[in-house]
>>> print(open('work-v1.txt').read())   # compact mmCIF, C-alpha atoms
# COMPACT_ATOMS: atom_id res chain seq x y z
CA MET A 1 30.39 -53.45 -124.67
CA ASN A 2 34.11 -54.11 -124.16
CA ASN A 3 34.90 -50.78 -125.81
CA LEU A 4 32.57 -49.03 -123.31
CA PHE A 5 34.31 -50.63 -120.31
CA SER A 6 37.68 -49.73 -121.76
CA LYS A 7 36.66 -46.10 -122.14
CA LEU A 8 35.35 -46.01 -118.55
CA ARG A 9 38.63 -47.39 -117.25
CA ASN A 10 40.56 -44.76 -119.14
CA LEU A 11 38.30 -41.94 -118.00
CA ASP A 12 40.20 -39.51 -115.74
CA ALA A 13 38.35 -36.51 -114.31
CA TYR A 14 41.67 -35.07 -113.22
CA PRO A 15 44.12 -35.55 -116.09
CA LYS A 16 47.70 -35.83 -115.00
CA ILE A 17 50.13 -33.03 -115.80
CA ASN A 18 53.26 -33.95 -117.62
CA GLU A 19 56.16 -34.25 -115.20
CA ASP A 20 58.11 -31.79 -117.32
CA PHE A 21 55.76 -29.03 -116.22
CA TYR A 22 56.01 -29.42 -112.39
CA SER A 23 58.53 -30.29 -109.68
CA ARG A 24 58.07 -31.79 -106.22
CA THR A 25 59.34 -29.72 -103.26
CA LEU A 26 59.27 -30.10 -99.46
CA SER A 27 57.40 -26.83 -98.99
CA GLY A 28 54.76 -27.90 -101.49
CA GLY A 29 54.21 -31.19 -99.63
CA VAL A 30 53.86 -29.38 -96.30
CA ILE A 31 51.32 -26.96 -97.78
CA THR A 32 49.34 -29.86 -99.27
CA ILE A 33 49.22 -31.73 -95.94
CA ALA A 34 48.31 -28.57 -93.99
CA SER A 35 45.56 -27.70 -96.45
CA SER A 36 44.12 -31.21 -96.21
CA ILE A 37 44.08 -31.03 -92.40
CA VAL A 38 42.37 -27.61 -92.45
CA MET A 39 39.71 -28.84 -94.85
CA LEU A 40 39.09 -31.92 -92.70
CA LEU A 41 38.72 -29.79 -89.58
CA LEU A 42 36.34 -27.42 -91.37
CA PHE A 43 34.27 -30.37 -92.52
CA ILE A 44 34.06 -31.84 -89.00
CA SER A 45 33.21 -28.42 -87.54
CA GLU A 46 30.41 -27.81 -89.99
CA LEU A 47 29.06 -31.33 -89.55
CA SER A 48 28.99 -31.03 -85.73
CA LEU A 49 27.34 -27.62 -86.00
CA TYR A 50 24.71 -29.10 -88.27
CA LEU A 51 24.05 -32.02 -85.91
CA HIS A 52 24.05 -29.83 -82.76
CA ALA A 53 20.57 -29.31 -81.31
CA VAL A 54 19.58 -25.84 -80.12
CA THR A 55 16.80 -25.18 -77.64
CA GLU A 56 14.00 -22.90 -78.75
CA THR A 57 12.01 -21.37 -75.92
CA GLN A 58 8.59 -19.80 -75.67
CA LEU A 59 6.58 -18.24 -72.85
CA VAL A 60 3.00 -19.20 -72.06
CA VAL A 61 0.63 -18.63 -69.16
CA ASP A 62 0.71 -21.45 -66.61
CA THR A 63 -2.89 -22.65 -66.23
CA SER A 64 -2.14 -25.85 -64.29
CA ARG A 65 -4.02 -26.42 -61.04
CA GLY A 66 -3.87 -28.95 -58.23
CA GLU A 67 -0.35 -30.15 -59.03
CA THR A 68 2.47 -30.90 -56.62
CA LEU A 69 6.04 -29.64 -56.52
CA ARG A 70 8.98 -31.92 -55.80
CA ILE A 71 11.89 -30.27 -54.01
CA ASN A 72 15.22 -32.12 -54.02
CA PHE A 73 17.91 -30.93 -51.64
CA ASP A 74 21.32 -31.83 -50.28
CA VAL A 75 22.55 -29.46 -47.56
CA THR A 76 25.52 -29.80 -45.21
CA PHE A 77 25.66 -28.13 -41.79
CA PRO A 78 29.26 -28.41 -40.52
CA ALA A 79 28.42 -27.25 -36.97
CA LEU A 80 24.82 -28.43 -36.40
CA PRO A 81 24.41 -32.02 -35.10
CA CYS A 82 21.88 -34.36 -36.68
CA SER A 83 20.08 -34.84 -33.35
CA VAL A 84 19.32 -31.11 -33.35
CA VAL A 85 18.32 -30.24 -36.92
CA SER A 86 14.77 -30.78 -38.19
CA VAL A 87 13.02 -30.12 -41.51
CA ASP A 88 9.64 -28.37 -41.80
CA ALA A 89 7.53 -27.35 -44.80
CA MET A 90 4.39 -25.22 -45.02
CA ASP A 91 2.47 -23.27 -47.66
CA ILE A 92 -0.07 -20.47 -47.98
CA SER A 93 -2.95 -22.96 -48.20
CA GLY A 94 -2.33 -23.81 -44.53
CA GLU A 95 -0.86 -27.25 -45.08
CA GLN A 96 2.07 -28.03 -42.79
CA HIS A 97 4.62 -30.84 -42.66
CA LEU A 98 6.47 -30.59 -39.36
CA ASP A 99 9.65 -32.48 -38.49
CA VAL A 100 9.57 -34.29 -41.84
CA ARG A 101 11.38 -37.65 -41.80
CA HIS A 102 10.15 -39.66 -44.78
CA ASP A 103 12.37 -39.49 -47.87
CA ILE A 104 15.02 -37.66 -45.83
CA ILE A 105 18.40 -39.05 -44.79
CA LYS A 106 20.79 -37.53 -42.25
CA LYS A 107 24.51 -38.29 -42.10
CA ARG A 108 26.61 -37.39 -39.09
CA ILE A 109 29.91 -35.81 -40.12
CA ASP A 110 33.02 -34.80 -38.18
CA VAL A 111 34.85 -31.46 -38.30
CA HIS A 112 36.73 -32.62 -41.42
CA GLY A 113 33.54 -33.51 -43.28
CA ASN A 114 34.05 -37.26 -43.00
CA VAL A 115 30.91 -39.36 -42.53
CA ILE A 116 30.58 -40.93 -39.07
CA GLU A 117 29.02 -44.37 -38.77
CA THR A 118 25.28 -44.14 -38.22
CA ARG A 119 24.16 -44.96 -34.70
CA GLN A 120 20.79 -46.46 -33.85
CA ASP A 121 18.35 -44.43 -31.77
CA GLY A 122 18.40 -45.17 -28.09
CA ILE A 123 22.15 -45.83 -27.79
CA GLY A 124 24.30 -43.49 -25.76
CA GLY A 125 22.53 -43.22 -22.43
CA PRO A 126 22.06 -45.31 -19.28
CA LYS A 127 19.74 -48.24 -19.80
CA ILE A 128 16.91 -48.70 -17.31
CA GLU A 129 15.61 -52.24 -17.37
CA LYS A 130 12.17 -51.41 -15.97
CA PRO A 131 10.55 -48.36 -17.60
CA LEU A 132 8.22 -46.16 -15.62
CA GLN A 133 4.54 -46.91 -16.23
CA ARG A 134 1.90 -44.23 -16.68
CA HIS A 135 0.39 -45.05 -13.30
CA GLY A 136 3.75 -44.46 -11.61
CA GLY A 137 5.08 -47.98 -11.00
CA ARG A 138 7.84 -49.80 -12.86
CA LEU A 139 7.09 -52.25 -15.63
CA GLU A 140 6.73 -55.79 -14.27
CA HIS A 141 6.59 -59.14 -16.00
CA ASN A 142 3.45 -59.92 -18.02
CA GLU A 143 2.56 -56.21 -18.12
CA THR A 144 2.02 -54.12 -21.22
CA TYR A 145 4.15 -51.00 -21.24
CA CYS A 146 2.25 -47.70 -21.34
CA GLY A 147 4.45 -44.71 -20.62
CA SER A 148 3.23 -41.39 -19.32
CA CYS A 149 2.91 -38.35 -21.60
CA TYR A 150 3.47 -36.12 -18.57
CA GLY A 151 0.24 -34.17 -18.83
CA ALA A 152 0.18 -33.94 -22.63
CA GLU A 153 -2.16 -36.91 -23.20
CA ALA A 154 -4.95 -36.23 -25.67
CA SER A 155 -7.03 -38.94 -23.97
CA ASP A 156 -6.86 -41.14 -20.90
CA GLU A 157 -5.87 -44.14 -23.01
CA GLU A 158 -2.93 -42.47 -24.80
CA CYS A 159 0.55 -43.80 -24.08
CA CYS A 160 3.96 -42.27 -24.78
CA ASN A 161 6.45 -45.13 -24.93
CA SER A 162 9.47 -43.21 -26.22
CA CYS A 163 11.10 -39.84 -25.78
CA GLU A 164 10.03 -38.94 -29.31
CA GLU A 165 6.39 -39.72 -28.51
CA VAL A 166 6.56 -37.50 -25.41
CA ARG A 167 8.09 -34.67 -27.47
CA GLU A 168 5.41 -35.17 -30.13
CA ALA A 169 2.64 -35.02 -27.50
CA TYR A 170 4.15 -31.81 -26.13
CA ARG A 171 4.37 -30.40 -29.66
CA LYS A 172 0.67 -31.05 -30.28
CA LYS A 173 -0.12 -29.23 -27.04
CA GLY A 174 2.13 -26.33 -28.01
CA TRP A 175 4.41 -26.94 -25.03
CA GLY A 176 8.18 -26.83 -24.80
CA LEU A 177 10.14 -29.67 -23.19
CA GLN A 178 12.36 -27.78 -20.75
CA ASN A 179 14.26 -30.59 -19.00
CA PRO A 180 14.35 -33.96 -20.80
CA ASP A 181 16.16 -35.54 -17.85
CA LEU A 182 12.90 -35.35 -15.90
CA ILE A 183 11.20 -37.48 -18.56
CA ASP A 184 11.73 -41.17 -17.90
CA GLN A 185 11.67 -42.11 -21.60
CA CYS A 186 14.22 -39.43 -22.54
CA LYS A 187 16.50 -40.33 -19.64
CA ARG A 188 16.29 -44.01 -20.48
CA GLU A 189 17.13 -43.39 -24.16
CA GLY A 190 19.95 -40.97 -23.30
CA PHE A 191 18.45 -38.00 -25.15
CA LEU A 192 20.71 -35.35 -23.60
CA GLN A 193 23.70 -37.69 -23.59
CA ARG A 194 23.28 -38.26 -27.33
CA ILE A 195 23.23 -34.49 -27.90
CA LYS A 196 26.39 -34.11 -25.82
CA ASP A 197 28.07 -36.97 -27.71
CA GLU A 198 27.31 -35.25 -31.02
CA ASP A 199 28.53 -31.84 -29.84
CA GLY A 200 31.04 -30.48 -32.35
CA GLU A 201 29.72 -32.66 -35.16
CA GLY A 202 27.92 -31.61 -38.31
CA CYS A 203 25.12 -33.06 -40.37
CA ASN A 204 24.48 -33.70 -44.03
CA VAL A 205 20.75 -33.69 -44.79
CA TYR A 206 19.50 -34.82 -48.19
CA GLY A 207 16.25 -36.06 -49.65
CA SER A 208 13.09 -34.63 -51.15
CA LEU A 209 9.80 -32.97 -50.24
CA GLU A 210 6.49 -33.28 -52.07
CA VAL A 211 4.51 -30.05 -51.54
CA ASN A 212 1.54 -28.29 -53.08
CA LYS A 213 2.33 -26.18 -56.11
CA VAL A 214 1.63 -22.92 -54.29
CA ALA A 215 3.81 -20.39 -52.51
CA GLY A 216 5.34 -21.61 -49.27
CA ASN A 217 8.58 -22.29 -47.47
CA PHE A 218 10.69 -25.09 -46.09
CA HIS A 219 13.42 -24.69 -43.54
CA PHE A 220 16.14 -26.41 -41.56
CA ALA A 221 16.15 -25.38 -37.92
CA PRO A 222 17.08 -26.78 -34.49
CA GLY A 223 14.37 -28.26 -32.29
CA LYS A 224 10.93 -29.75 -32.74
CA SER A 225 8.41 -27.30 -34.16
CA PHE A 226 4.84 -26.62 -33.07
CA GLN A 227 2.13 -23.95 -33.31
CA GLN A 228 1.63 -21.62 -30.36
CA SER A 229 -1.08 -18.95 -30.60
CA GLY A 230 -0.93 -19.24 -34.37
CA VAL A 231 2.83 -18.72 -34.47
CA HIS A 232 5.31 -21.31 -35.74
CA VAL A 233 7.93 -21.88 -33.02
CA HIS A 234 10.65 -24.42 -32.27
CA ASP A 235 11.40 -26.01 -28.91
CA LEU A 236 15.01 -25.04 -28.22
CA LEU A 237 14.93 -25.35 -24.43
CA ALA A 238 15.49 -29.11 -24.54
CA PHE A 239 18.97 -28.65 -26.02
CA GLN A 240 20.13 -26.35 -23.21
CA LYS A 241 22.16 -24.16 -25.60
CA ASP A 242 22.26 -20.39 -26.03
CA SER A 243 23.21 -20.28 -29.71
CA PHE A 244 23.29 -22.43 -32.82
CA ASN A 245 25.73 -22.19 -35.70
CA ILE A 246 23.72 -22.38 -38.93
CA SER A 247 26.68 -22.20 -41.31
CA HIS A 248 25.81 -24.34 -44.30
CA LYS A 249 26.69 -25.45 -47.81
CA ILE A 250 24.02 -26.23 -50.41
CA ASN A 251 25.37 -29.13 -52.43
CA ARG A 252 22.23 -29.38 -54.55
CA LEU A 253 18.80 -27.78 -54.71
CA THR A 254 16.30 -28.42 -57.50
CA PHE A 255 12.58 -27.92 -57.99
CA GLY A 256 11.74 -30.89 -60.16
CA ALA A 257 13.64 -33.16 -62.52
CA TYR A 258 16.91 -32.35 -64.25
CA PHE A 259 16.94 -31.42 -67.94
CA PRO A 260 19.87 -30.58 -70.27
CA GLY A 261 21.12 -27.03 -69.96
CA VAL A 262 19.47 -26.25 -66.61
CA VAL A 263 21.42 -24.00 -64.23
CA ASN A 264 20.63 -24.29 -60.52
CA PRO A 265 22.00 -21.06 -58.98
CA LEU A 266 22.32 -22.42 -55.42
CA ASP A 267 24.35 -25.54 -56.22
CA GLY A 268 27.67 -25.27 -54.38
CA VAL A 269 26.71 -22.09 -52.47
CA GLN A 270 28.32 -21.86 -49.03
CA TRP A 271 27.72 -19.43 -46.15
CA VAL A 272 29.58 -19.10 -42.82
CA GLN A 273 27.90 -17.59 -39.75
CA GLU A 274 29.96 -14.90 -38.02
CA THR A 275 27.46 -13.72 -35.38
CA PRO A 276 25.96 -15.77 -32.51
CA HIS A 277 22.31 -15.47 -33.54
CA GLY A 278 20.22 -15.03 -36.66
CA MET A 279 18.47 -16.71 -39.55
CA TYR A 280 19.51 -17.06 -43.16
CA GLN A 281 16.81 -16.59 -45.79
CA TYR A 282 16.61 -17.50 -49.47
CA PHE A 283 13.82 -15.93 -51.51
CA ILE A 284 13.18 -18.07 -54.59
CA LYS A 285 11.08 -17.43 -57.69
CA VAL A 286 10.17 -20.78 -59.27
CA VAL A 287 9.42 -20.78 -63.00
CA PRO A 288 7.49 -23.83 -64.34
CA THR A 289 9.29 -25.33 -67.33
CA VAL A 290 8.39 -27.89 -69.98
CA TYR A 291 11.35 -29.36 -71.86
CA THR A 292 10.95 -31.48 -74.99
CA ASP A 293 13.96 -33.21 -76.53
CA ILE A 294 14.60 -34.20 -80.14
CA SER A 295 12.79 -37.54 -79.75
CA GLY A 296 9.66 -35.84 -78.38
CA HIS A 297 10.16 -36.90 -74.76
CA THR A 298 8.71 -34.23 -72.42
CA ILE A 299 9.99 -33.31 -68.93
CA GLN A 300 7.75 -31.29 -66.61
CA THR A 301 10.12 -29.44 -64.28
CA ASN A 302 11.08 -25.99 -62.96
CA GLN A 303 13.83 -23.40 -63.03
CA PHE A 304 14.37 -20.74 -60.37
CA SER A 305 16.13 -17.51 -59.48
CA VAL A 306 17.10 -16.51 -55.94
CA THR A 307 18.06 -13.64 -53.63
CA GLU A 308 19.63 -14.06 -50.18
CA HIS A 309 19.35 -12.26 -46.87
CA PHE A 310 20.78 -12.78 -43.38
CA ARG A 311 18.64 -11.59 -40.50
CA ASN A 312 20.77 -10.84 -37.45
CA THR A 313 18.53 -10.74 -34.39
CA GLU A 314 18.64 -11.34 -30.67
CA PHE A 315 18.15 -14.83 -29.29
CA GLY A 316 14.96 -15.59 -27.35
CA ARG A 317 12.48 -13.79 -29.59
CA SER A 318 9.99 -15.97 -31.49
CA GLN A 319 10.62 -14.16 -34.77
CA ALA A 320 14.37 -14.77 -34.46
CA LEU A 321 14.32 -18.53 -34.93
CA PRO A 322 17.81 -19.70 -35.91
CA GLY A 323 17.76 -21.69 -39.10
CA VAL A 324 18.03 -21.69 -42.88
CA PHE A 325 14.76 -20.74 -44.60
CA PHE A 326 13.80 -21.16 -48.25
CA PHE A 327 10.79 -19.03 -49.21
CA TYR A 328 9.52 -19.87 -52.69
CA ASP A 329 6.86 -18.37 -54.95
CA LEU A 330 5.52 -19.64 -58.29
CA SER A 331 5.71 -17.61 -61.47
CA PRO A 332 2.43 -17.38 -63.46
CA ILE A 333 4.48 -17.71 -66.67
CA LYS A 334 5.60 -21.13 -67.91
CA VAL A 335 8.70 -21.59 -70.05
CA GLY A 336 8.42 -24.10 -72.88
CA GLY A 337 11.58 -25.35 -74.55
CA HIS A 338 12.17 -27.90 -77.30
CA ASP A 339 15.31 -29.01 -79.11
CA LEU A 340 15.76 -28.41 -82.83
CA TYR A 341 18.54 -29.27 -85.27
CA LYS A 342 20.22 -26.09 -86.48
CA SER A 343 20.03 -25.80 -90.26
CA MET A 344 23.11 -24.81 -92.22
CA GLU A 345 22.88 -21.53 -94.05
>>> encode(input="work-v1.txt", output="structure tokens")
Amino acid sequence: MNNLFSKLRNLDAYPKINEDFYSRTLSGGVITIASSIVMLLLFISELSLYLHAVTETQLVVDTSRGETLRINFDVTFPALPCSVVSVDAMDISGEQHLDVRHDIIKKRIDVHGNVIETRQDGIGGPKIEKPLQRHGGRLEHNETYCGSCYGAEASDEECCNSCEEVREAYRKKGWGLQNPDLIDQCKREGFLQRIKDEDGEGCNVYGSLEVNKVAGNFHFAPGKSFQQSGVHVHDLLAFQKDSFNISHKINRLTFGAYFPGVVNPLDGVQWVQETPHGMYQYFIKVVPTVYTDISGHTIQTNQFSVTEHFRNTEFGRSQALPGVFFFYDLSPIKVGGHDLYKSME
């Protein structure tokens, strides 16, 4: 047994060359070190290539029905005040979401893009201690306030206790609010004064929309929207302005959740308006996508492609609504992608 261990200790797979047959030189040492470094780099490169996951894609027909589509957006309007801009969404099934406010946040910004401190609604105008009641008198002690809707009441019992409720009642009637100063609620809340105070400011609008998974559009436009003779219009008279600057920058726009390798073509896109009137349109083709990672986790999301168009039209025509419109359509083909480790050949 001792002889076996002794032989193992003396075993040398690389027998040494007699020193009489070689000589050490500086150039030989440099070549040895360089060769070792190159071999190490080649080993690391091949190992990383082996461990790197590649995405294999396949196309299938999208047979899903009755699903919803989540749209995430972050858009900055450097010359459109927050009190002016509104968000609407509608689709070909007839469903409409007008002046959407849930899951949407607006930030007032100055001309340099700095965020201005958020101001509560109702601040900025003269305060009237006794609001005007629906019957015409001022609110007295021990009375319940019920403001007039100024002819837009759906029933005799309906009350409009804020400027927003009056505007909403007018919207449901398909009427435009021409002079807010004649509305007690709007005058009391300083509606026009707030618009004047925000003149020259911009607005950053971000949030999300949950819509039906069918073709439709969502848009950012000034004024409260309503239907009039089957046509979608916005009430611009209340702002007492002749033109609106819809210059904008899309910080982020996605249709669904993020997944590795996705490219959103509108992220960072900026457009500056050079004419007084018009609307900017994005035509988007949404492609349903299923992504599966190495661990088997699946993400149901979407990719999209886009074309752009600016429509320069005269102000005052219903089809020339100033705003930024995103028209989207769904592809009938779904892209499936899953990660695989790349085998070494």
>>> closest_atom_pairs(input="work-v1.txt", of="segment 249-303 of chain A", to="segment 209-214 of chain A", cutoff="12 Å", atoms="only C-alpha atoms", output="tab-separated table")
residue	atom	partner	partner_atom	distance
A:Leu253	CA	A:Leu209	CA	11.3
A:Thr254	CA	A:Leu209	CA	10.8
A:Phe255	CA	A:Leu209	CA	9.7
A:Gly256	CA	A:Glu210	CA	9.9
A:Lys285	CA	A:Val214	CA	11.4
A:Val286	CA	A:Lys213	CA	10.0
A:Val287	CA	A:Lys213	CA	11.3
A:Pro288	CA	A:Lys213	CA	10.0
A:Thr301	CA	A:Lys213	CA	11.7
A:Asn302	CA	A:Lys213	CA	11.1
>>> residues_around(input="work-v1.txt", residues="segment 74-86 of chain A", least_positions_apart="2", cutoff="7 Å", atoms="only C-alpha atoms", output="MDAnalysis selection string")
chainID A and resid 88 99 106 108 111 195 198:207 220:224 245:253
>>> axis_aligned_box(input="work-v1.txt", around="segment 77-90 of chain A", padding_each_side="8 Å", output="JSON")
{"center_x": 16.8, "center_y": -30.0, "center_z": -39.2, "size_x": 40.9, "size_y": 25.6, "size_z": 27.7}
>>> closest_residue(input="work-v1.txt", among="A:Ala169, A:Cys163, A:Leu41, A:Leu47", to="Asp184 of chain A", atoms="only C-alpha atoms")
A:Cys163
>>> atom_distance(input="work-v1.txt", atom1="atom CA of Ile33 of chain A", atom2="atom CA of Ser45 of chain A")
18.4 Å
>>> residues_near_point(input="work-v1.txt", point="(-0.7, -25.4, -72.2)", cutoff="10 Å", atoms="only C-alpha atoms", output="list in words")
Val60, Val61, Asp62, Thr63, Ser64, Val290, Lys334 and Gly336 of chain A
>>> atom_distance(input="work-v1.txt", atom1="atom CA of Gly147 of chain A", atom2="atom CA of Asn161 of chain A")
4.8 Å
>>> closest_residue(input="work-v1.txt", among="A:Arg171, A:Tyr145, A:Cys159, A:His112", to="Val233 of chain A", atoms="all atoms listed in the file")
A:Arg171
>>> closest_residue(input="work-v1.txt", among="A:Pro260, A:Pro265, A:Gly216, A:Gly230", to="Phe325 of chain A", atoms="all atoms listed in the file")
A:Gly216
>>> closest_residue(input="work-v1.txt", among="A:Phe43, A:Phe239, A:Tyr50, A:Phe283", to="Leu266 of chain A", atoms="all atoms listed in the file")
A:Phe283
>>> atom_distance(input="work-v1.txt", atom1="atom CA of Phe327 of chain A", atom2="atom CA of Arg65 of chain A")
20.3 Å
